[in-house]
Amino acid sequence: MRTRLEIGALQALCAIADQGGVTRAAAYLALSQSAVSHKIKRLEEGLGCALLTRRAGTTPFTDEGERLLGYARRLLALHDEALLNLGQQPLTGRIRLGMTEDISGGGLARILGRFTRRHPEVSVQARVGQSLAIAARLARDELDIGILQVFAHQTLSTDLVLGRDALHWVRSPDLTLDLSRPVPFLSFDDSCFYRHWAMEAAQSQPPGLTTVLTCPSIAGILSALHAGLGVGLLHASQIPAGLEVIDAPFPAPPAIAHVVRVSQQARERAVGALVDEIAAELGRPALTRVA
């Protein structure tokens, strides 16, 4: 009997690559770790080669595993395209999407590329901006979907929460703070809610802050932090090697949440389809559906 490539096993293989290991892939697929390992083992037995290296500190895939991963992505894309397009009307319309800089690459870029290939009659118009600006445009019906950050305690009941993260004060080890004077502060622009919180919370207690740089981009803030120009606020997943987290004399920042928020006026069926794809790949099942 010829070996068959099972869709579930290919999904497990891709999840290991996208999530960074078997354990995370199992959680993403809502399976046990042993179930994911079993799927991969059956693939290996059928193909007669090892797909995972199973050695800590190395790439998770063998050469054969990397080759199969490329085929798996193409096969799953065709599989999903067939499911979406057979037996239903093709999606049409326009989606106005707003997203923050930190979420604009990686997984979301892959989702948008796949979505536009599957639904060529849907026009996705994306723009990158700060969270407060995205929230305001959603409220004015200038966007259909926003992927943004909010303080965790300020999430809406209709938000799809992709994840939560800690917010930290950071600096370069080369920066010596003179706490007898206001601390030099590096911030995003006035559309950044980190800045608003810092100006209210940290500025109200000694030694206070003095803003020495505002910049709308993460790259600019990181460059200034590494140069030792001041302190900044970054969420945990943004902090690179070479910067250190500091506490005193600053107040502890609130936790943040990464959310998908849909305009109350959005009614396109395509909007709901894109939210579901984002939820399936980046978060948990969608909390709300667009009619």
# chains A, B, ... in the order shown; residues from 1 in each chain; ligands from 1

call {"tool": "residues_around", "arguments": {"residues": "Thr214 of chain A", "least_positions_apart": "2", "cutoff": "6 Å", "atoms": "only C-alpha atoms", "output": "list in words"}}
result
Ser187, Phe188 and Asp189 of chain A

call {"tool": "residues_around", "arguments": {"residues": "Arg24 of chain A", "least_positions_apart": "5", "cutoff": "9 Å", "atoms": "only C-alpha atoms", "output": "number ranges by chain"}}
result
A: 15-16, 19, 29, 33

call {"tool": "atom_distance", "arguments": {"atom1": "atom CA of Val259 of chain A", "atom2": "atom CA of Leu132 of chain A"}}
result
12.7 Å

call {"tool": "atom_distance", "arguments": {"atom1": "atom CA of Val212 of chain A", "atom2": "atom CA of Leu229 of chain A"}}
result
7.8 Å

call {"tool": "select_by_dssp", "arguments": {"residues": "segment 70-244 of chain A", "states": "strand (DSSP E)", "output": "PyMOL selection string"}}
result
chain A and resi 93-99+122-128+145-151+160-165+167-171+183-187+209-214+232-235+244

call {"tool": "select_by_dssp", "arguments": {"residues": "segment 22-168 of chain A", "states": "alpha helix (DSSP H)", "output": "MDAnalysis selection string"}}
result
chainID A and resid 22:29 33:47 63:85 106:118 131:139

call {"tool": "atom_distance", "arguments": {"atom1": "atom CA of Pro253 of chain A", "atom2": "atom CA of Trp169 of chain A"}}
result
8.0 Å

call {"tool": "closest_residue", "arguments": {"among": "A:Ser263, A:Ser34, A:Gln238, A:Thr62", "to": "Ala136 of chain A", "atoms": "only C-alpha atoms"}}
result
A:Ser263

call {"tool": "residues_around", "arguments": {"residues": "Ala224 of chain A", "least_positions_apart": "4", "cutoff": "12 Å", "atoms": "only C-alpha atoms", "output": "list in words"}}
result
Val170, Arg171, Ser172, Leu175, Pro184, Phe185, Leu186, Ser187, Phe188, Val212, Leu213, Thr214, Cys215, Ser217, Ile218, Ala219, Gly220, Gly228, Leu229, Gly230, Val231, Gly232 and Leu243 of chain A

call {"tool": "closest_residue", "arguments": {"among": "A:Gly8, A:Gly65, A:Pro216, A:Pro173", "to": "Leu52 of chain A", "atoms": "only C-alpha atoms"}}
result
A:Gly65

call {"tool": "closest_atom_pairs", "arguments": {"of": "segment 191-290 of chain A", "to": "segment 96-120 of chain A", "cutoff": "10 Å", "atoms": "only C-alpha atoms", "output": "Markdown table"}}
result
| residue | atom | partner | partner_atom | distance |
| --- | --- | --- | --- | --- |
| A:Pro216 | CA | A:Glu101 | CA | 9.2 |
| A:Ser217 | CA | A:Glu101 | CA | 7.4 |
| A:Ile218 | CA | A:Glu101 | CA | 7.4 |
| A:Ala219 | CA | A:Glu101 | CA | 9.8 |
| A:Ser237 | CA | A:Asp102 | CA | 9.5 |
| A:Gln238 | CA | A:Asp102 | CA | 8.0 |
| A:His258 | CA | A:Ile103 | CA | 9.0 |
| A:Val260 | CA | A:Met99 | CA | 9.1 |
| A:Arg261 | CA | A:Gly98 | CA | 9.7 |
| A:Val262 | CA | A:Leu97 | CA | 9.5 |
| A:Ala266 | CA | A:Arg96 | CA | 9.7 |
| A:Ala270 | CA | A:His119 | CA | 8.8 |
| A:Val271 | CA | A:Arg96 | CA | 8.9 |
| A:Ala273 | CA | A:Phe115 | CA | 9.0 |
| A:Leu274 | CA | A:Phe115 | CA | 7.2 |
| A:Glu277 | CA | A:Ile111 | CA | 7.2 |
| A:Ile278 | CA | A:Ile111 | CA | 7.0 |
| A:Glu281 | CA | A:Gly107 | CA | 7.8 |
| A:Leu282 | CA | A:Gly107 | CA | 7.3 |

call {"tool": "closest_atom_pairs", "arguments": {"of": "segment 141-225 of chain A", "to": "segment 122-128 of chain A", "cutoff": "12 Å", "atoms": "only C-alpha atoms", "output": "CSV"}}
result
residue,atom,partner,partner_atom,distance
A:Glu142,CA,A:Arg127,CA,11.2
A:Leu143,CA,A:Ala126,CA,9.2
A:Asp144,CA,A:Gln125,CA,10.0
A:Ile145,CA,A:Ala126,CA,9.5
A:Gly146,CA,A:Ala126,CA,9.7
A:Ile147,CA,A:Val128,CA,9.6
A:Leu148,CA,A:Val128,CA,10.0
A:Pro216,CA,A:Val128,CA,10.5
A:Ser217,CA,A:Val128,CA,10.3

call {"tool": "closest_residue", "arguments": {"among": "A:Pro207, A:Gly20, A:Pro254, A:Pro249", "to": "Ala152 of chain A", "atoms": "only C-alpha atoms"}}
result
A:Pro254

call {"tool": "residues_around", "arguments": {"residues": "Lys41 of chain A", "least_positions_apart": "4", "cutoff": "10 Å", "atoms": "only C-alpha atoms", "output": "PyMOL selection string"}}
result
chain A and resi 9+35-37+45-47+49-52
